[in-house]
Structure formats: C-alpha cells, structure tokens
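Shown here: query-v5.txt, compact mmCIF, C-alpha atoms.
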# COMPACT_ATOMS: atom_id res chain seq x y z
CA MET A 1144 47.99 8.48 5.42
CA SER A 1145 49.85 9.06 2.21
CA ALA A 1146 48.50 8.11 -1.20
CA GLN A 1147 49.93 4.82 -2.38
CA PRO A 1148 49.53 2.99 -5.67
CA TYR A 1149 46.80 0.37 -5.51
CA ARG A 1150 48.21 -3.15 -5.32
CA PRO A 1151 45.80 -6.00 -6.03
CA THR A 1152 46.25 -8.86 -3.60
CA MET A 1153 44.55 -11.67 -5.53
CA SER A 1154 46.44 -14.95 -5.67
CA ALA A 1155 47.13 -16.71 -8.98
CA GLY A 1156 44.61 -19.40 -7.99
CA TRP A 1157 41.66 -17.03 -7.32
CA TRP A 1158 39.67 -18.54 -10.16
CA LEU A 1159 39.46 -21.93 -8.37
CA ALA A 1160 37.27 -20.42 -5.63
CA ARG A 1161 33.92 -20.76 -7.44
CA PRO A 1162 32.58 -22.94 -10.28
CA SER A 1163 31.58 -19.81 -12.22
CA TYR A 1164 35.16 -18.51 -11.98
CA VAL A 1165 36.46 -21.87 -13.24
CA ARG A 1166 34.05 -21.68 -16.19
CA TYR A 1167 35.26 -18.14 -16.87
CA MET A 1168 38.88 -19.31 -16.88
CA LEU A 1169 38.01 -22.28 -19.14
CA ARG A 1170 36.30 -19.85 -21.51
CA GLU A 1171 39.32 -17.54 -21.58
CA LEU A 1172 41.74 -20.46 -22.04
CA THR A 1173 39.90 -21.60 -25.18
CA CYS A 1174 42.16 -19.02 -26.86
CA VAL A 1175 45.18 -21.30 -26.31
CA PHE A 1176 43.53 -23.97 -28.45
CA VAL A 1177 42.21 -21.52 -31.04
CA GLY A 1178 45.76 -20.14 -31.35
CA ALA A 1179 47.40 -23.58 -31.44
CA TYR A 1180 45.02 -24.87 -34.11
CA ALA A 1181 45.43 -21.73 -36.23
CA GLY A 1182 49.21 -22.00 -35.78
CA VAL A 1183 49.18 -25.61 -36.99
CA TRP A 1184 47.24 -24.49 -40.05
CA ILE A 1185 49.73 -21.72 -40.77
CA ALA A 1186 52.35 -24.48 -40.86
CA GLY A 1187 49.99 -26.55 -43.03
CA LEU A 1188 49.50 -23.76 -45.56
CA TYR A 1189 53.25 -23.18 -45.61
CA ALA A 1190 53.63 -26.90 -46.39
CA LEU A 1191 51.01 -26.54 -49.13
CA ALA A 1192 53.04 -23.73 -50.72
CA LYS A 1193 56.17 -25.95 -50.59
CA GLY A 1194 54.54 -28.60 -52.74
CA HIS A 1195 52.94 -31.99 -52.98
CA ALA A 1196 55.29 -33.99 -50.70
CA ARG A 1197 55.27 -31.48 -47.83
CA TRP A 1198 51.45 -31.19 -47.98
CA PHE A 1199 50.99 -34.93 -47.63
CA ALA A 1200 53.54 -35.04 -44.80
CA PHE A 1201 51.36 -32.44 -43.04
CA LEU A 1202 48.21 -34.51 -43.61
CA ASP A 1203 50.02 -37.63 -42.33
CA ALA A 1204 50.90 -35.77 -39.13
CA MET A 1205 47.25 -34.75 -38.71
CA GLU A 1206 46.23 -38.42 -39.12
CA SER A 1207 48.72 -39.70 -36.53
CA GLY A 1208 47.54 -40.54 -33.01
CA VAL A 1209 48.91 -37.27 -31.66
CA GLY A 1210 47.30 -35.39 -34.54
CA ILE A 1211 43.87 -36.92 -33.91
CA VAL A 1212 44.01 -36.26 -30.14
CA PHE A 1213 45.16 -32.68 -30.83
CA GLN A 1214 42.27 -32.13 -33.23
CA ILE A 1215 39.66 -33.56 -30.85
CA VAL A 1216 40.90 -31.53 -27.85
CA CYS A 1217 41.02 -28.34 -29.95
CA LEU A 1218 37.54 -29.01 -31.34
CA ALA A 1219 36.13 -29.44 -27.82
CA PHE A 1220 37.60 -26.12 -26.65
CA VAL A 1221 36.53 -24.30 -29.82
CA LEU A 1222 32.97 -25.61 -29.34
CA TYR A 1223 33.08 -24.22 -25.80
CA HIS A 1224 34.23 -20.92 -27.27
CA THR A 1225 31.29 -20.99 -29.71
CA VAL A 1226 28.70 -21.69 -26.99
CA THR A 1227 30.04 -19.02 -24.62
CA TRP A 1228 30.48 -16.48 -27.44
CA PHE A 1229 26.86 -16.89 -28.56
CA SER A 1230 25.64 -16.56 -24.95
CA LEU A 1231 27.61 -13.34 -24.57
CA ALA A 1232 26.56 -11.87 -27.93
CA PRO A 1233 23.29 -10.26 -26.70
CA ARG A 1234 25.09 -8.83 -23.67
CA THR A 1235 27.40 -6.80 -25.91
CA MET A 1236 24.43 -5.15 -27.68
CA PRO A 1237 22.67 -1.93 -26.69
CA PRO A 1238 20.08 -2.46 -23.91
CA THR A 1239 17.37 -1.07 -26.21
CA VAL A 1240 17.93 -4.05 -28.50
CA THR A 1241 18.02 -6.58 -25.67
CA ALA A 1242 15.04 -5.20 -23.75
CA SER A 1243 13.79 -8.58 -22.50
CA PRO A 1244 15.16 -12.05 -21.73
CA GLY A 1245 13.16 -13.31 -24.71
CA ARG A 1246 14.97 -10.92 -27.03
CA MET A 1247 18.33 -12.05 -25.65
CA LYS A 1248 17.44 -15.69 -26.25
CA ALA A 1249 16.32 -14.85 -29.78
CA ILE A 1250 19.66 -13.16 -30.52
CA THR A 1251 21.62 -16.16 -29.21
CA GLY A 1252 19.31 -18.45 -31.16
CA ALA A 1253 19.91 -16.49 -34.37
CA HIS A 1254 23.66 -17.03 -33.91
CA TYR A 1255 23.10 -20.79 -33.59
CA ALA A 1256 20.97 -20.78 -36.76
CA VAL A 1257 23.69 -18.99 -38.76
CA TRP A 1258 26.26 -21.37 -37.24
CA ALA A 1259 24.27 -24.42 -38.37
CA VAL A 1260 23.97 -23.09 -41.93
CA ILE A 1261 27.71 -22.28 -42.13
CA THR A 1262 28.71 -25.68 -40.70
CA VAL A 1263 26.52 -27.58 -43.18
CA LEU A 1264 27.86 -25.40 -46.01
CA VAL A 1265 31.50 -26.04 -45.03
CA LEU A 1266 30.95 -29.81 -44.79
CA TRP A 1267 29.03 -29.84 -48.07
CA LEU A 1268 31.61 -27.76 -49.97
CA GLY A 1269 34.59 -29.56 -48.45
CA GLY A 1270 33.27 -33.10 -48.42
CA ALA A 1271 34.29 -33.85 -52.02
CA MET B 749 45.93 12.69 -23.83
CA ALA B 750 47.60 9.34 -24.19
CA MET B 751 46.65 7.38 -27.26
CA SER B 752 44.88 4.12 -26.51
CA ASN B 753 45.64 1.02 -28.53
CA LYS B 754 42.37 -0.58 -27.37
CA PRO B 755 40.35 -0.13 -30.61
CA VAL B 756 43.27 -1.55 -32.62
CA VAL B 757 43.35 -4.82 -30.69
CA TRP B 758 39.63 -4.95 -29.92
CA LEU B 759 38.44 -5.08 -33.51
CA PRO B 760 40.47 -8.21 -34.40
CA PHE B 761 39.55 -9.69 -31.01
CA ALA B 762 35.81 -9.30 -31.57
CA ALA B 763 35.83 -10.08 -35.30
CA GLY B 764 38.11 -13.06 -34.71
CA GLY B 765 35.95 -14.31 -31.86
CA MET B 766 32.83 -14.20 -34.02
CA LEU B 767 34.46 -15.77 -37.08
CA THR B 768 36.10 -18.46 -34.93
CA ALA B 769 32.77 -19.25 -33.25
CA LEU B 770 30.80 -19.41 -36.51
CA VAL B 771 33.21 -21.01 -38.99
CA LEU B 772 36.04 -22.83 -37.21
CA PRO B 773 34.05 -25.76 -35.74
CA GLY B 774 32.81 -26.76 -39.21
CA VAL B 775 36.30 -26.56 -40.70
CA MET B 776 37.76 -28.52 -37.77
CA LEU B 777 35.07 -31.19 -38.11
CA LEU B 778 35.73 -31.49 -41.84
CA VAL B 779 39.48 -31.95 -41.31
CA LEU B 780 38.94 -34.38 -38.43
CA LEU B 781 36.52 -36.50 -40.48
CA VAL B 782 39.04 -36.65 -43.35
CA SER B 783 41.82 -37.56 -40.88
CA LEU B 784 39.66 -40.35 -39.46
CA GLY B 785 38.88 -41.65 -42.96
CA VAL B 786 35.13 -40.95 -42.63
CA LEU B 787 35.28 -38.45 -45.50
CA PRO B 788 37.33 -39.25 -48.64
CA ALA B 789 41.01 -38.18 -48.65
CA GLU B 790 40.37 -36.28 -51.92
CA SER B 791 38.53 -33.65 -49.84
CA LEU B 792 41.92 -32.36 -48.74
CA GLY B 793 43.79 -33.50 -51.85
CA TYR B 794 46.79 -31.39 -52.91
CA GLU B 795 45.36 -30.03 -56.17
CA ARG B 796 41.99 -29.26 -54.59
CA VAL B 797 43.29 -27.34 -51.57
CA ARG B 798 45.98 -25.63 -53.66
CA ALA B 799 43.37 -24.44 -56.16
CA PHE B 800 41.22 -23.11 -53.30
CA ALA B 801 44.11 -21.27 -51.64
CA ALA B 802 45.37 -19.88 -54.98
CA ASN B 803 41.92 -18.54 -55.86
CA PRO B 804 41.75 -14.88 -54.69
CA LEU B 805 38.43 -15.39 -52.89
CA GLY B 806 39.52 -18.67 -51.32
CA GLY B 807 42.85 -17.19 -50.30
CA LEU B 808 41.13 -14.19 -48.70
CA ALA B 809 38.73 -16.52 -46.85
CA ILE B 810 41.68 -18.49 -45.44
CA PHE B 811 43.53 -15.27 -44.64
CA PHE B 812 40.68 -13.71 -42.65
CA LEU B 813 39.74 -16.91 -40.81
CA VAL B 814 43.29 -17.78 -39.74
CA VAL B 815 44.65 -14.28 -39.11
CA LEU B 816 41.63 -13.12 -37.10
CA ALA B 817 41.68 -16.36 -35.08
CA VAL B 818 45.35 -15.79 -34.27
CA TRP B 819 44.88 -12.14 -33.22
CA HIS B 820 41.77 -13.02 -31.22
CA ALA B 821 43.76 -15.71 -29.38
CA ALA B 822 46.75 -13.40 -28.84
CA HIS B 823 44.67 -10.64 -27.25
CA ARG B 824 42.65 -13.00 -25.08
CA LEU B 825 45.79 -14.82 -23.92
CA ARG B 826 47.39 -11.52 -22.97
CA MET B 827 44.34 -10.49 -20.92
CA THR B 828 44.06 -13.95 -19.31
CA LEU B 829 47.71 -13.90 -18.26
CA GLN B 830 47.00 -10.61 -16.50
CA ASP B 831 44.06 -12.31 -14.75
CA LEU B 832 46.45 -15.07 -13.68
CA GLY B 833 48.79 -12.63 -11.98
CA VAL B 834 51.04 -11.05 -14.60
CA ARG B 835 50.56 -7.52 -13.26
CA GLY B 836 54.01 -5.92 -13.08
CA ARG B 837 54.67 -3.20 -15.63
CA GLY B 838 57.66 -4.98 -17.16
CA ALA B 839 56.03 -8.42 -17.14
CA ARG B 840 52.92 -7.06 -18.83
CA ARG B 841 55.03 -5.48 -21.53
CA VAL B 842 56.90 -8.77 -22.14
CA VAL B 843 53.59 -10.68 -22.37
CA ALA B 844 52.14 -8.12 -24.80
CA TRP B 845 55.22 -8.34 -27.02
CA LEU B 846 55.17 -12.15 -26.93
CA CYS B 847 51.45 -12.47 -27.71
CA TYR B 848 51.24 -9.85 -30.43
CA GLY B 849 54.72 -10.74 -31.71
CA LEU B 850 53.74 -14.38 -32.23
CA ALA B 851 50.51 -13.28 -33.92
CA GLY B 852 52.48 -10.93 -36.18
CA LEU B 853 54.97 -13.66 -37.06
CA GLY B 854 52.13 -16.06 -37.88
CA THR B 855 50.50 -13.41 -40.06
CA ILE B 856 53.71 -12.88 -42.04
CA VAL B 857 54.30 -16.62 -42.57
CA LEU B 858 50.68 -17.08 -43.67
CA VAL B 859 50.83 -14.19 -46.16
CA VAL B 860 54.10 -15.56 -47.60
CA ALA B 861 52.54 -19.03 -47.91
CA LEU B 862 49.33 -17.75 -49.54
CA LEU B 863 51.22 -15.55 -52.01
CA SER B 864 53.52 -18.38 -53.10
CA VAL B 865 50.93 -21.15 -53.23
In structure tokens, write the structure found in this file.
Amino acid sequence: MSAQPYRPTMSAGWWLARPSYVRYMLRELTCVFVGAYAGVWIAGLYALAKGHARWFAFLDAMESGVGIVFQIVCLAFVLYHTVTWFSLAPRTMPPTVTASPGRMKAITGAHYAVWAVITVLVLWLGGA
Amino acid sequence: MAMSNKPVVWLPFAAGGMLTALVLPGVMLLVLLVSLGVLPAESLGYERVRAFAANPLGGLAIFFLVVLAVWHAAHRLRMTLQDLGVRGRGARRVVAWLCYGLAGLGTIVLVVALLSV
C-alpha cells in the first residue's frame, strides 16, 4: 500500500440527507442574501453620491414589486442568520464562561436583548 | 512555516456576522416599511440620507456595516462552495478570487461613493 492523497467522496447533495444538514446549509446560504442586500446598498449609496435624481430612481426600484419581494426574502434570510448566530455565540466562547446550559441560554438571551434595543433605536432614529 | 491568511479573513467574518445579526434586520425593516408606505418617505429623503452619509460618524457607521457584511458574506460563500463540492486546487483558487474580489470591488465603490457624497 502506497500513501495516496486523501480524496473526499461526498456528493454535492450530501446536505439533503438529514434535516439538520439542510438547516446548516440554509444557515450558510444566508450569506448570499446578506451579500446581495449589501451589494444593492452599495449601488444605492453610489446613486446617493450621484445626486437627487439617481437617489430617487434607486428608491423607486426598491418600491417596485421586484424590490419589495427582494427586500422581504432578504429580510427572512437575515433574520435566520440572526437567530442562528445568537444560538452559536455561546459555543464560540471559552468553556469556563459557558459552564452550564443556563449560562449558554443567558448569553444567547443577552444577544437578543441588545438586538431589541438596537432595532428599536434604528427604527426610532430613522422613522422621521 | 507557511503564513496563514485565516486571521485576516476570520476577523471580518466574525465581526461582520455579529454586526449583520444585530443591526441589519432593523435597517432592513426600516427601509421595507418606507418602501411599503407605512413610514413616511421623508425618512429616506435625499437631504436626510445625504446629511447622514456625509457626517463622519454616519459615514463610518455605513462603512463598517456594509463592508463587514460584504466580507462576512464573501468568506462564508467561499467556505459553503467548498462544502458543496468545489474541492480542486484550481477551482478553490478561482472561488477565493471571485468571492474576495467581489468584496474588494464593493469596498472600493462604497468608499468612492461615501467620499464623494
């Protein structure tokens, strides 16, 4: 037997085998919608820099049917990102910090509390 | 010893993931509610948003939120494409260049926009 490089044999559809794998893949694919939404806003800020007319053309596009559907789909995926990110947060901390399940829940809960404050603040500041 | 680029891409990934999770839903909801006409159109009026983006603090807030979201997405997409079977050496290199290249391009366009707003 000679040494050979390891070749993984997983198929491209491996993640369909179990519901938890599908949830994992959904979580990872939230990045497509985070990236797309951020990309749209880069275009929006470029339009803002180009002046009044271009900015309102951008807002019109966001208000179109396609724009609304895009925003709702992106929001749904970003919310899934938020929920999964907060659940993972205690797992990335040192085990001494997350000694018990109660501690882990408290850390996730603290993230939700900060999230609520920030969301209210953004809506309050932005809501004219 | 080979130099690892992991810390360089991990910091924006983690920081972007946290900022995206905490701040982006509120911003998205605000924009959606304005688009739907629930909140007044003046919320995203030209003078108001321009003043916010031109303000150094406001501009920095936009910069960090958008740039970190983009780099977070680029790194996660690259890793996910590997999960989905992009495993060849050449293919992985192409994917890395595409993901980080797009993120870099977006960063440049955003900086240009924010500096000229």
Task: Counting only C-alpha atoms, the residue of B:Val865, B:Ala802, B:Met827, B:Val797 that sits nearest chain A - done: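 Comparing B:Val865, B:Ala802, B:Met827, B:Val797 against chain A, the winner is B:Val865.
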- [ ] Could you tell me which of B:Leu829, B:Leu816, B:Leu787, B:Val842 comes closest to Thr855 of chain B if we count all atoms listed in the file?
- [x] B:Leu816
- [ ] At a cut-off of 6 Å, list the chain B residues touching chain A, using all atoms listed in the file, as an NGL selection string.
- [x] :B and (769-770 or 774 or 778 or 783 or 791 or 814 or 818 or 821 or 832-833 or 858 or 861 or 864-865)
- [ ] Mind checking which residues fall within 7 Å of segment 751-760 of chain B, counting only C-alpha atoms, ignoring those fewer than 3 positions away in the same chain, and posting them as a list of chain:residue names?
- [x]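 Listed by chain and then number, they are B:Ala763, B:Gly764, B:Leu816, B:Trp819, B:His820, B:His823.
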Open item on the list: Measuring between all atoms listed in the file, which one of B:Leu862, B:Val834, B:Leu853, B:Leu825 shows the shortest distance to Leu1169 of chain A?
Closed with: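 Counting all atoms listed in the file, the residue closest to Leu1169 of chain A is B:Leu825.
Here atom CA of Pro1237 of chain A stands at a distance of 25.6 Å from atom CA of Thr828 of chain B.
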- [ ] State, in Å with one decimal place, the distance from atom CA of Leu780 of chain B to atom CA of Leu792 of chain B.
- [x]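 So the two atoms, atom CA of Leu780 of chain B and atom CA of Leu792 of chain B, lie 10.9 Å apart.
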TODO: Record the distance separating atom CA of Ala844 of chain B and atom CA of Met1236 of chain A, expressed in Å with one decimal.
DONE: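 Value for the atom CA of Ala844 of chain B-atom CA of Met1236 of chain A distance: 28.0 Å.
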Restrict the output to chain B and C-alpha atoms, then write it as a CSV table (one decimal), in the first residue's frame.
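Final output, saved to selection-v2.csv:
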chain,number,residue,atom,x,y,z
B,749,MET,CA,6.3,27.8,8.1
B,750,ALA,CA,3.6,28.8,5.7
B,751,MET,CA,1.8,32.0,6.5
B,752,SER,CA,-1.9,31.5,7.1
B,753,ASN,CA,-4.4,34.0,5.9
B,754,LYS,CA,-7.0,32.7,8.3
B,755,PRO,CA,-6.9,35.5,10.9
B,756,VAL,CA,-7.2,38.1,8.1
B,757,VAL,CA,-10.4,36.7,6.8
B,758,TRP,CA,-11.8,35.5,10.1
B,759,LEU,CA,-11.9,38.9,11.8
B,760,PRO,CA,-14.2,40.4,9.1
B,761,PHE,CA,-16.2,37.2,9.0
B,762,ALA,CA,-16.9,37.2,12.8
B,763,ALA,CA,-17.3,41.0,13.1
B,764,GLY,CA,-19.5,41.1,10.1
B,765,GLY,CA,-21.6,38.2,11.3
B,766,MET,CA,-22.2,39.9,14.6
B,767,LEU,CA,-22.9,43.4,13.1
B,768,THR,CA,-25.2,41.9,10.5
B,769,ALA,CA,-27.1,39.9,13.1
B,770,LEU,CA,-27.5,42.8,15.4
B,771,VAL,CA,-28.0,45.8,13.1
B,772,LEU,CA,-29.1,44.7,9.7
B,773,PRO,CA,-32.6,43.4,10.4
B,774,GLY,CA,-33.6,46.8,11.9
B,775,VAL,CA,-32.2,48.7,8.9
B,776,MET,CA,-33.9,46.3,6.5
B,777,LEU,CA,-37.2,46.7,8.4
B,778,LEU,CA,-36.9,50.5,8.3
B,779,VAL,CA,-36.3,50.5,4.5
B,780,LEU,CA,-39.0,48.0,3.8
B,781,LEU,CA,-41.6,50.0,5.9
B,782,VAL,CA,-40.7,53.1,4.0
B,783,SER,CA,-40.9,51.2,0.6
B,784,LEU,CA,-44.4,50.0,1.6
B,785,GLY,CA,-45.5,53.5,2.6
B,786,VAL,CA,-46.0,52.5,6.3
B,787,LEU,CA,-43.3,55.0,7.4
B,788,PRO,CA,-43.1,58.5,5.7
B,789,ALA,CA,-41.0,58.8,2.6
B,790,GLU,CA,-39.1,61.7,4.3
B,791,SER,CA,-37.3,59.0,6.4
B,792,LEU,CA,-35.2,58.2,3.4
B,793,GLY,CA,-35.4,61.7,1.8
B,794,TYR,CA,-32.4,62.8,-0.2
B,795,GLU,CA,-31.2,65.6,2.1
B,796,ARG,CA,-31.7,63.5,5.2
B,797,VAL,CA,-29.7,60.4,4.0
B,798,ARG,CA,-27.1,62.6,2.3
B,799,ALA,CA,-26.5,64.5,5.5
B,800,PHE,CA,-26.2,61.2,7.4
B,801,ALA,CA,-23.7,59.7,4.9
B,802,ALA,CA,-21.7,63.0,4.7
B,803,ASN,CA,-21.4,63.2,8.5
B,804,PRO,CA,-18.1,61.5,9.5
B,805,LEU,CA,-19.8,59.3,12.2
B,806,GLY,CA,-22.7,58.4,10.0
B,807,GLY,CA,-20.4,57.7,7.1
B,808,LEU,CA,-18.2,55.4,9.3
B,809,ALA,CA,-21.3,53.6,10.6
B,810,ILE,CA,-22.5,52.9,7.0
B,811,PHE,CA,-18.9,51.9,6.0
B,812,PHE,CA,-18.5,49.4,8.8
B,813,LEU,CA,-22.0,47.9,8.5
B,814,VAL,CA,-21.8,47.4,4.7
B,815,VAL,CA,-18.2,46.5,4.3
B,816,LEU,CA,-18.2,44.0,7.1
B,817,ALA,CA,-21.5,42.5,5.8
B,818,VAL,CA,-19.9,42.1,2.4
B,819,TRP,CA,-16.7,40.5,3.7
B,820,HIS,CA,-18.6,38.2,6.0
B,821,ALA,CA,-20.8,37.1,3.1
B,822,ALA,CA,-17.7,36.6,0.8
B,823,HIS,CA,-15.9,34.4,3.3
B,824,ARG,CA,-19.0,32.3,4.1
B,825,LEU,CA,-19.9,31.8,0.5
B,826,ARG,CA,-16.3,30.6,-0.3
B,827,MET,CA,-16.5,28.1,2.5
B,828,THR,CA,-20.0,27.0,1.6
B,829,LEU,CA,-19.0,26.4,-2.1
B,830,GLN,CA,-16.2,24.1,-0.7
B,831,ASP,CA,-18.9,22.3,1.2
B,832,LEU,CA,-20.9,21.9,-2.0
B,833,GLY,CA,-18.0,20.2,-3.8
B,834,VAL,CA,-15.6,22.9,-5.0
B,835,ARG,CA,-12.5,21.0,-3.8
B,836,GLY,CA,-10.0,21.0,-6.6
B,837,ARG,CA,-7.0,23.2,-6.0
B,838,GLY,CA,-7.6,25.4,-9.1
B,839,ALA,CA,-11.3,25.6,-8.5
B,840,ARG,CA,-10.8,26.7,-4.9
B,841,ARG,CA,-8.4,29.4,-6.0
B,842,VAL,CA,-10.9,30.7,-8.6
B,843,VAL,CA,-13.7,30.8,-6.0
B,844,ALA,CA,-11.5,32.6,-3.5
B,845,TRP,CA,-10.5,35.2,-6.1
B,846,LEU,CA,-14.2,35.7,-7.1
B,847,CYS,CA,-15.5,36.0,-3.6
B,848,TYR,CA,-12.8,38.2,-2.2
B,849,GLY,CA,-12.5,40.1,-5.5
B,850,LEU,CA,-16.2,41.0,-5.5
B,851,ALA,CA,-16.0,42.1,-1.8
B,852,GLY,CA,-12.9,44.2,-2.7
B,853,LEU,CA,-14.7,45.8,-5.6
B,854,GLY,CA,-17.7,46.6,-3.5
B,855,THR,CA,-15.5,48.1,-0.8
B,856,ILE,CA,-13.8,50.4,-3.4
B,857,VAL,CA,-17.1,51.5,-4.9
B,858,LEU,CA,-18.6,52.2,-1.4
B,859,VAL,CA,-15.5,54.2,-0.3
B,860,VAL,CA,-15.7,56.3,-3.5
B,861,ALA,CA,-19.4,56.9,-3.0
B,862,LEU,CA,-19.0,57.9,0.7
B,863,LEU,CA,-16.1,60.2,-0.1
B,864,SER,CA,-18.0,62.0,-2.9
B,865,VAL,CA,-21.4,62.2,-1.2
